[in-house]
file entry.tsv (TSV, C-alpha atoms (C1' of nucleotides))
chain	number	residue	atom	x	y	z
Z	30	MET	CA	-116.80	90.53	-55.19
Z	31	GLU	CA	-115.93	87.41	-53.21
Z	32	ILE	CA	-119.00	87.84	-51.02
Z	33	THR	CA	-121.25	88.50	-54.02
Z	34	PHE	CA	-120.28	85.26	-55.74
Z	35	LYS	CA	-120.63	83.45	-52.45
Z	36	ALA	CA	-124.12	84.85	-52.03
Z	37	ILE	CA	-125.13	83.58	-55.46
Z	38	ASN	CA	-123.70	80.14	-54.80
Z	39	ASP	CA	-126.55	78.85	-52.66
Z	40	PRO	CA	-129.72	77.54	-54.39
Z	41	THR	CA	-132.08	78.94	-51.76
Z	42	ARG	CA	-130.55	82.38	-52.14
Z	43	ARG	CA	-130.86	82.20	-55.92
Z	44	GLU	CA	-134.52	81.29	-55.48
Z	45	ILE	CA	-135.01	84.29	-53.24
Z	46	LEU	CA	-133.51	86.54	-55.91
Z	47	VAL	CA	-135.79	85.09	-58.58
Z	48	PHE	CA	-138.77	85.51	-56.25
Z	49	LEU	CA	-137.92	89.18	-55.80
Z	50	ILE	CA	-138.08	89.79	-59.56
Z	51	GLY	CA	-141.83	89.77	-58.92
Z	52	GLY	CA	-141.45	92.76	-56.61
Z	53	ALA	CA	-140.25	93.76	-53.16
Z	54	GLN	CA	-141.42	91.64	-50.24
Z	55	ASN	CA	-141.05	91.54	-46.50
Z	56	ALA	CA	-139.06	88.82	-44.77
Z	57	GLY	CA	-142.12	86.87	-43.67
Z	58	GLU	CA	-143.54	86.66	-47.18
Z	59	ILE	CA	-140.19	85.52	-48.49
Z	60	ALA	CA	-139.90	82.88	-45.77
Z	61	LYS	CA	-143.34	81.55	-46.66
Z	62	GLN	CA	-141.99	80.47	-50.04
Z	63	PHE	CA	-139.61	78.01	-48.45
Z	64	SER	CA	-139.92	74.97	-46.21
Z	65	MET	CA	-137.18	76.28	-43.98
Z	66	SER	CA	-137.11	78.06	-40.65
Z	67	LYS	CA	-137.35	81.85	-40.55
Z	68	PRO	CA	-133.92	82.27	-38.95
Z	69	SER	CA	-132.39	80.35	-41.86
Z	70	ILE	CA	-134.08	82.63	-44.38
Z	71	SER	CA	-133.03	85.62	-42.33
Z	72	HIS	CA	-129.45	84.43	-42.57
Z	73	HIS	CA	-129.73	83.99	-46.35
Z	74	LEU	CA	-131.17	87.48	-46.67
Z	75	ASP	CA	-128.23	88.81	-44.70
Z	76	LEU	CA	-125.73	87.19	-47.07
Z	77	LEU	CA	-127.58	88.50	-50.12
Z	78	LYS	CA	-127.50	91.95	-48.57
Z	79	GLN	CA	-123.78	91.66	-47.89
Z	80	GLY	CA	-123.29	90.76	-51.53
Z	81	ASN	CA	-125.21	93.89	-52.57
Z	82	LEU	CA	-127.76	91.73	-54.33
Z	83	ILE	CA	-130.70	92.97	-52.27
Z	84	LEU	CA	-131.65	96.09	-50.32
Z	85	ALA	CA	-133.42	96.12	-46.96
Z	86	GLU	CA	-135.75	98.91	-45.89
Z	87	LYS	CA	-137.45	98.94	-42.53
Z	88	LYS	CA	-141.14	99.80	-42.73
Z	89	GLY	CA	-142.69	99.72	-39.29
Z	90	GLN	CA	-142.26	96.27	-37.85
Z	91	TYR	CA	-141.59	94.83	-41.30
Z	92	ILE	CA	-138.42	94.79	-43.33
Z	93	ILE	CA	-138.95	95.08	-47.06
Z	94	TYR	CA	-136.40	93.43	-49.32
Z	95	SER	CA	-135.83	94.30	-52.96
Z	96	LEU	CA	-133.27	93.54	-55.67
Z	97	ASN	CA	-130.16	95.71	-55.68
Z	98	ARG	CA	-128.70	96.60	-59.02
Z	99	SER	CA	-125.12	97.00	-57.84
Z	100	GLY	CA	-124.39	93.37	-57.02
Z	101	PHE	CA	-125.77	92.23	-60.34
Z	102	GLU	CA	-123.76	94.86	-62.15
Z	103	LEU	CA	-120.57	93.60	-60.52
Z	104	VAL	CA	-121.16	90.06	-61.72
Z	105	HIS	CA	-122.24	91.33	-65.12
Z	106	VAL	CA	-118.99	93.21	-65.55
Z	107	TRP	CA	-116.98	90.14	-64.59
Z	108	PHE	CA	-118.79	88.13	-67.21
Z	109	GLN	CA	-118.26	90.69	-69.93
Z	110	GLY	CA	-114.70	89.52	-70.48
Z	111	PHE	CA	-115.93	86.04	-71.23
Z	112	ALA	CA	-118.86	87.24	-73.30
Z	113	GLN	CA	-116.35	88.96	-75.55
Z	114	TYR	CA	-114.23	85.83	-75.70
Z	115	PHE	CA	-117.20	83.79	-76.81
Z	116	GLU	CA	-118.82	86.61	-78.78
Z	117	PHE	CA	-122.33	85.91	-77.57
Z	118	PRO	CA	-124.70	86.74	-80.39
Z	119	LYS	CA	-126.23	90.19	-80.01
Z	120	PRO	CA	-129.98	90.44	-80.39
Z	121	LYS	CA	-130.81	91.65	-83.85
Z	122	ILE	CA	-133.88	93.53	-82.78
Z	123	ARG	CA	-133.71	96.46	-80.38
Z	124	LEU	CA	-136.73	96.12	-78.15
J	17	MET	CA	-126.60	74.57	-62.77
J	18	GLU	CA	-125.85	73.97	-59.12
J	19	ILE	CA	-122.40	72.64	-59.95
J	20	THR	CA	-121.71	75.51	-62.35
J	21	PHE	CA	-122.42	78.18	-59.74
J	22	LYS	CA	-120.41	76.22	-57.23
J	23	ALA	CA	-117.48	76.10	-59.64
J	24	ILE	CA	-117.57	79.86	-60.07
J	25	ASN	CA	-117.74	80.46	-56.34
J	26	ASP	CA	-114.06	79.87	-55.60
J	27	PRO	CA	-111.55	82.71	-56.25
J	28	THR	CA	-108.81	80.38	-57.49
J	29	ARG	CA	-111.18	78.84	-60.00
J	30	ARG	CA	-112.28	82.26	-61.21
J	31	GLU	CA	-108.62	83.18	-61.70
J	32	ILE	CA	-108.10	80.02	-63.73
J	33	LEU	CA	-111.00	81.00	-65.96
J	34	VAL	CA	-109.62	84.49	-66.48
J	35	PHE	CA	-106.19	83.01	-67.21
J	36	LEU	CA	-107.69	80.80	-69.91
J	37	ILE	CA	-109.12	83.82	-71.74
J	38	GLY	CA	-105.54	84.19	-72.94
J	39	GLY	CA	-105.78	80.78	-74.59
J	40	ALA	CA	-105.78	77.06	-73.88
J	41	GLN	CA	-103.10	75.76	-71.52
J	42	ASN	CA	-102.00	72.45	-70.05
J	43	ALA	CA	-102.46	71.68	-66.38
J	44	GLY	CA	-98.81	72.32	-65.52
J	45	GLU	CA	-98.81	75.80	-67.02
J	46	ILE	CA	-102.01	76.63	-65.20
J	47	ALA	CA	-100.58	75.34	-61.92
J	48	LYS	CA	-97.50	77.54	-62.38
J	49	GLN	CA	-99.71	80.62	-62.05
J	50	PHE	CA	-100.62	79.74	-58.49
J	51	SER	CA	-98.75	79.21	-55.24
J	52	MET	CA	-100.66	76.06	-54.56
J	53	SER	CA	-99.95	72.36	-54.97
J	54	LYS	CA	-100.65	70.67	-58.31
J	55	PRO	CA	-103.23	68.30	-56.82
J	56	SER	CA	-105.19	71.31	-55.57
J	57	ILE	CA	-105.18	72.86	-59.02
J	58	SER	CA	-106.11	69.51	-60.50
J	59	HIS	CA	-109.10	69.39	-58.17
J	60	HIS	CA	-110.15	72.91	-59.16
J	61	LEU	CA	-109.86	72.00	-62.83
J	62	ASP	CA	-112.07	69.01	-62.19
J	63	LEU	CA	-114.78	71.16	-60.63
J	64	LEU	CA	-114.61	73.67	-63.48
J	65	LYS	CA	-114.97	70.79	-65.90
J	66	GLN	CA	-117.95	69.43	-64.01
J	67	GLY	CA	-119.52	72.87	-64.24
J	68	ASN	CA	-119.01	72.85	-68.03
J	69	LEU	CA	-116.85	75.94	-67.73
J	70	ILE	CA	-113.76	74.33	-69.24
J	71	LEU	CA	-112.96	71.50	-71.65
J	72	ALA	CA	-110.14	69.00	-71.24
J	73	GLU	CA	-108.37	67.41	-74.17
J	74	LYS	CA	-105.59	64.90	-73.76
J	75	LYS	CA	-102.60	65.58	-75.98
J	76	GLY	CA	-99.90	63.00	-75.37
J	77	GLN	CA	-98.88	63.18	-71.75
J	78	TYR	CA	-100.40	66.64	-71.39
J	79	ILE	CA	-103.99	67.66	-70.80
J	80	ILE	CA	-104.99	70.89	-72.49
J	81	TYR	CA	-107.69	72.95	-70.84
J	82	SER	CA	-109.78	75.59	-72.58
J	83	LEU	CA	-112.88	77.64	-71.83
J	84	ASN	CA	-116.20	75.94	-72.52
J	85	ARG	CA	-119.00	78.09	-73.81
J	86	SER	CA	-121.85	76.03	-72.40
J	87	GLY	CA	-121.26	76.74	-68.71
J	88	PHE	CA	-120.99	80.45	-69.36
J	89	GLU	CA	-124.12	80.40	-71.45
J	90	LEU	CA	-126.04	78.75	-68.63
J	91	VAL	CA	-125.07	81.50	-66.20
J	92	HIS	CA	-125.66	84.14	-68.83
J	93	VAL	CA	-129.21	82.93	-69.36
J	94	TRP	CA	-129.88	82.92	-65.64
J	95	PHE	CA	-128.78	86.54	-65.43
J	96	GLN	CA	-130.90	87.63	-68.35
J	97	GLY	CA	-134.02	87.68	-66.17
J	98	PHE	CA	-132.40	90.17	-63.84
J	99	ALA	CA	-130.92	92.24	-66.65
J	100	GLN	CA	-134.46	92.74	-67.91
J	101	TYR	CA	-135.66	93.68	-64.44
J	102	PHE	CA	-133.05	96.40	-64.11
J	103	GLU	CA	-133.11	97.66	-67.67
J	104	PHE	CA	-134.72	101.02	-68.20
J	105	PRO	CA	-137.65	100.86	-70.59
J	106	LYS	CA	-136.56	101.67	-74.12
J	107	PRO	CA	-138.44	104.49	-75.84
J	108	LYS	CA	-141.00	103.27	-78.29
J	109	ILE	CA	-140.70	104.65	-81.76
J	110	ARG	CA	-143.90	105.95	-83.28
J	111	LEU	CA	-144.07	104.94	-86.92
E	21	DT	C1'	-87.53	48.26	-70.67
E	22	DA	C1'	-86.29	51.61	-67.13
E	23	DA	C1'	-86.37	56.34	-65.89
E	24	DA	C1'	-88.40	60.79	-66.28
E	25	DT	C1'	-92.34	63.75	-66.84
E	26	DA	C1'	-97.35	65.11	-66.48
E	27	DT	C1'	-101.34	64.67	-64.13
E	28	DT	C1'	-104.74	62.60	-61.18
E	29	DT	C1'	-106.56	59.92	-57.21
E	30	DA	C1'	-106.73	58.90	-52.29
E	31	DA	C1'	-106.76	59.94	-47.54
E	32	DA	C1'	-106.64	63.21	-43.92
E	33	DC	C1'	-107.83	67.43	-41.59
E	34	DG	C1'	-109.03	72.16	-40.24
E	35	DA	C1'	-112.14	75.83	-41.81
E	36	DA	C1'	-116.35	77.38	-43.69
E	37	DT	C1'	-121.34	76.62	-44.59
E	38	DG	C1'	-126.31	75.80	-43.85
E	39	DT	C1'	-129.54	74.42	-40.80
E	40	DC	C1'	-131.99	74.18	-36.42
E	41	DT	C1'	-133.96	75.76	-31.72
E	42	DA	C1'	-134.02	79.17	-28.19
E	43	DA	C1'	-133.58	83.80	-26.93
E	44	DA	C1'	-133.38	88.77	-27.93
E	45	DT	C1'	-134.94	93.13	-30.14
E	46	DA	C1'	-138.22	96.16	-32.21
E	47	DT	C1'	-142.81	97.61	-33.36
E	48	DT	C1'	-147.80	97.60	-33.17
E	49	DT	C1'	-152.17	96.76	-30.97
E	50	DA	C1'	-155.49	95.96	-27.17
H	30	DT	C1'	-148.32	98.94	-20.27
H	31	DA	C1'	-148.86	94.09	-21.56
H	32	DA	C1'	-149.46	91.00	-25.25
H	33	DA	C1'	-148.89	89.92	-30.03
H	34	DT	C1'	-146.31	90.13	-34.26
H	35	DA	C1'	-142.07	90.50	-37.21
H	36	DT	C1'	-137.49	89.68	-37.58
H	37	DT	C1'	-132.84	88.93	-36.10
H	38	DT	C1'	-129.03	87.15	-33.15
H	39	DA	C1'	-126.70	83.43	-30.71
H	40	DG	C1'	-125.09	78.91	-30.09
H	41	DA	C1'	-124.73	74.24	-31.54
H	42	DC	C1'	-123.92	70.65	-34.87
H	43	DA	C1'	-123.43	67.86	-39.09
H	44	DT	C1'	-121.93	68.45	-43.80
H	45	DT	C1'	-119.23	70.37	-47.39
H	46	DC	C1'	-114.98	72.54	-49.00
H	47	DG	C1'	-110.13	73.56	-49.99
H	48	DT	C1'	-105.82	72.24	-49.00
H	49	DT	C1'	-101.85	69.10	-48.27
H	50	DT	C1'	-98.75	64.93	-48.84
H	51	DA	C1'	-98.23	60.38	-50.63
H	52	DA	C1'	-99.29	57.11	-54.03
H	53	DA	C1'	-101.13	55.74	-58.59
H	54	DT	C1'	-101.69	56.09	-63.67
H	55	DA	C1'	-100.31	57.36	-68.23
H	56	DT	C1'	-97.04	58.83	-71.65
H	57	DT	C1'	-92.54	59.88	-73.50
H	58	DT	C1'	-87.63	59.39	-73.77
H	59	DA	C1'	-83.05	57.25	-73.20

call {"tool": "encode", "arguments": {"input": "entry.tsv", "output": "structure tokens"}}
result
Amino acid sequence: MEITFKAINDPTRREILVFLIGGAQNAGEIAKQFSMSKPSISHHLDLLKQGNLILAEKKGQYIIYSLNRSGFELVHVWFQGFAQYFEFPKPKIRL
Amino acid sequence: MEITFKAINDPTRREILVFLIGGAQNAGEIAKQFSMSKPSISHHLDLLKQGNLILAEKKGQYIIYSLNRSGFELVHVWFQGFAQYFEFPKPKIRL
DNA sequence: TAAATATTTAAACGAATGTCTAAATATTTA
DNA sequence: TAAATATTTAGACATTCGTTTAAATATTTA
């Protein structure tokens, strides 16, 4: 849990997560989105992976990254206690 | 947003938040929960306040801290995008 | 008004973090 | 097999972070 919150703490890593909502991407494509060296992005990807927020799958010489449900679920569960405290309004329409 | 995620990143601060689910408390009572100096707790409370996760209200010589909806809402909204990504499609009802 | 209580502010310091460049590893292509 | 491509690992360095003790501020009580 500690590592998951830590992973979410950095703005670049949050941007990577949002970027991956659009679909899985290899490391190079992810790095292109940022004005930062590839090793830095690689390091961020590693932390996101450690926090179970992304999955890495090797495909030839590429590594494809995608969102990982389990990290998000962990944070979601933590927040549930507060959601109940505040009684966030439930959507009236089931989509 | 940056400061809100930062505030949530520290384990002591997360414990303070959980503690406050039980109800508002003054700084001294909060500090009692931790084996840490009062100035450290004071600093953590300051960061939580900056992140709009808690409210501070002066009551005589005490300062009463309570959970603040707005910080939690901000994080909640951020997570909504991912919740949608992971959610299984709901069956459509034929009318 | 002086002392006691509650809390914060200030200054210092080691540990953790994010970034870079250079080098290493793995895979594909010529 | 050698060169090119994709990505990571290693090492260095400045900045940020969490903690402490000491001092300051504010309020209440005797």

call {"tool": "closest_atom_pairs", "arguments": {"input": "entry.tsv", "of": "chain H", "to": "chain J", "cutoff": "8 Å", "atoms": "all atoms listed in the file", "output": "tab-separated table"}}
result
residue	atom	partner	partner_atom	distance
H:DG47	C1'	J:Ser56	CA	7.8
H:DT48	C1'	J:Ser56	CA	6.7
H:DT49	C1'	J:Ser53	CA	7.7
H:DA55	C1'	J:Gln77	CA	7.0
H:DT56	C1'	J:Gln77	CA	4.7
H:DT57	C1'	J:Gln77	CA	7.4

call {"tool": "write_last_selection", "arguments": {"input": "entry.tsv", "atoms": "C-alpha atoms (C1' of nucleotides)", "output": "PDB file, in the coordinates of the input"}}
result
ATOM      1  C1'  DG H  47    -110.130  73.560 -49.990  1.00  0.00           C
ATOM      2  C1'  DT H  48    -105.820  72.240 -49.000  1.00  0.00           C
ATOM      3  C1'  DT H  49    -101.850  69.100 -48.270  1.00  0.00           C
ATOM      4  C1'  DA H  55    -100.310  57.360 -68.230  1.00  0.00           C
ATOM      5  C1'  DT H  56     -97.040  58.830 -71.650  1.00  0.00           C
ATOM      6  C1'  DT H  57     -92.540  59.880 -73.500  1.00  0.00           C
TER       7       DT H  57
END

call {"tool": "closest_residue", "arguments": {"input": "entry.tsv", "among": "J:Leu63, J:Glu45, J:Gln96, J:Arg85", "to": "chain Z", "atoms": "only C-alpha atoms"}}
result
J:Arg85

call {"tool": "atom_distance", "arguments": {"input": "entry.tsv", "atom1": "CA of Ser82 in chain J", "atom2": "CA of Phe101 in chain Z"}}
result
26.1 Å

call {"tool": "closest_residue", "arguments": {"input": "entry.tsv", "among": "J:Thr20, J:Asn25, J:Ser58, J:Ser51", "to": "DT29 in chain E", "atoms": "all atoms listed in the file"}}
result
J:Ser58

call {"tool": "atom_distance", "arguments": {"input": "entry.tsv", "atom1": "C1' of DA33 in chain H", "atom2": "CA of Ile92 in chain Z"}}
result
17.6 Å

call {"tool": "interface_residues", "arguments": {"input": "entry.tsv", "of": "chain J", "to": "chain Z", "cutoff": "7 Å", "atoms": "all atoms listed in the file", "output": "PDB file with C-alpha atoms, in the coordinates of the input"}}
result
ATOM      1  CA  PHE J  21    -122.420  78.180 -59.740  1.00  0.00           C
ATOM      2  CA  LYS J  22    -120.410  76.220 -57.230  1.00  0.00           C
ATOM      3  CA  ASN J  25    -117.740  80.460 -56.340  1.00  0.00           C
ATOM      4  CA  ILE J  37    -109.120  83.820 -71.740  1.00  0.00           C
ATOM      5  CA  ARG J  85    -119.000  78.090 -73.810  1.00  0.00           C
ATOM      6  CA  TYR J 101    -135.660  93.680 -64.440  1.00  0.00           C
ATOM      7  CA  PHE J 102    -133.050  96.400 -64.110  1.00  0.00           C
ATOM      8  CA  LYS J 106    -136.560 101.670 -74.120  1.00  0.00           C
TER       9      LYS J 106
END

call {"tool": "closest_residue", "arguments": {"input": "entry.tsv", "among": "Z:Lys67, Z:Lys61, Z:Lys121, Z:Lys78", "to": "chain E", "atoms": "all atoms listed in the file"}}
result
Z:Lys67

call {"tool": "atom_distance", "arguments": {"input": "entry.tsv", "atom1": "CA of Ile46 in chain J", "atom2": "CA of Ile32 in chain J"}}
result
7.1 Å

call {"tool": "residues_around", "arguments": {"input": "entry.tsv", "residues": "DA50 in chain E", "least_positions_apart": "6", "cutoff": "12 Å", "atoms": "all atoms listed in the file", "output": "PDB file with C-alpha atoms (C1' of nucleotides), in the coordinates of the input"}}
result
ATOM      1  C1'  DT H  30    -148.320  98.940 -20.270  1.00  0.00           C
ATOM      2  C1'  DA H  31    -148.860  94.090 -21.560  1.00  0.00           C
ATOM      3  C1'  DA H  32    -149.460  91.000 -25.250  1.00  0.00           C
ATOM      4  C1'  DA H  33    -148.890  89.920 -30.030  1.00  0.00           C
TER       5       DA H  33
END

call {"tool": "closest_residue", "arguments": {"input": "entry.tsv", "among": "E:DT28, E:DT45, E:DT21, E:DT39", "to": "chain Z", "atoms": "only C-alpha atoms (C1' of nucleotides)"}}
result
E:DT39

call {"tool": "interface_residues", "arguments": {"input": "entry.tsv", "of": "chain E", "to": "chain Z", "cutoff": "8 Å", "atoms": "only C-alpha atoms (C1' of nucleotides)", "output": "list in words"}}
result
DG38, DT39, DC40, DA46, DT47 and DT48 of chain E

call {"tool": "axis_aligned_box", "arguments": {"input": "entry.tsv", "around": "range 34-43 of chain H", "padding_each_side": "6 Å", "output": "JSON"}}
result
{"center_x": -134.9, "center_y": 79.2, "center_z": -34.6, "size_x": 34.9, "size_y": 34.6, "size_z": 21.0}

call {"tool": "residues_around", "arguments": {"input": "entry.tsv", "residues": "DC46 in chain H", "least_positions_apart": "6", "cutoff": "10 Å", "atoms": "only C-alpha atoms (C1' of nucleotides)", "output": "list in words"}}
result
Asp26 of chain J; DA35, DA36 and DT37 of chain E
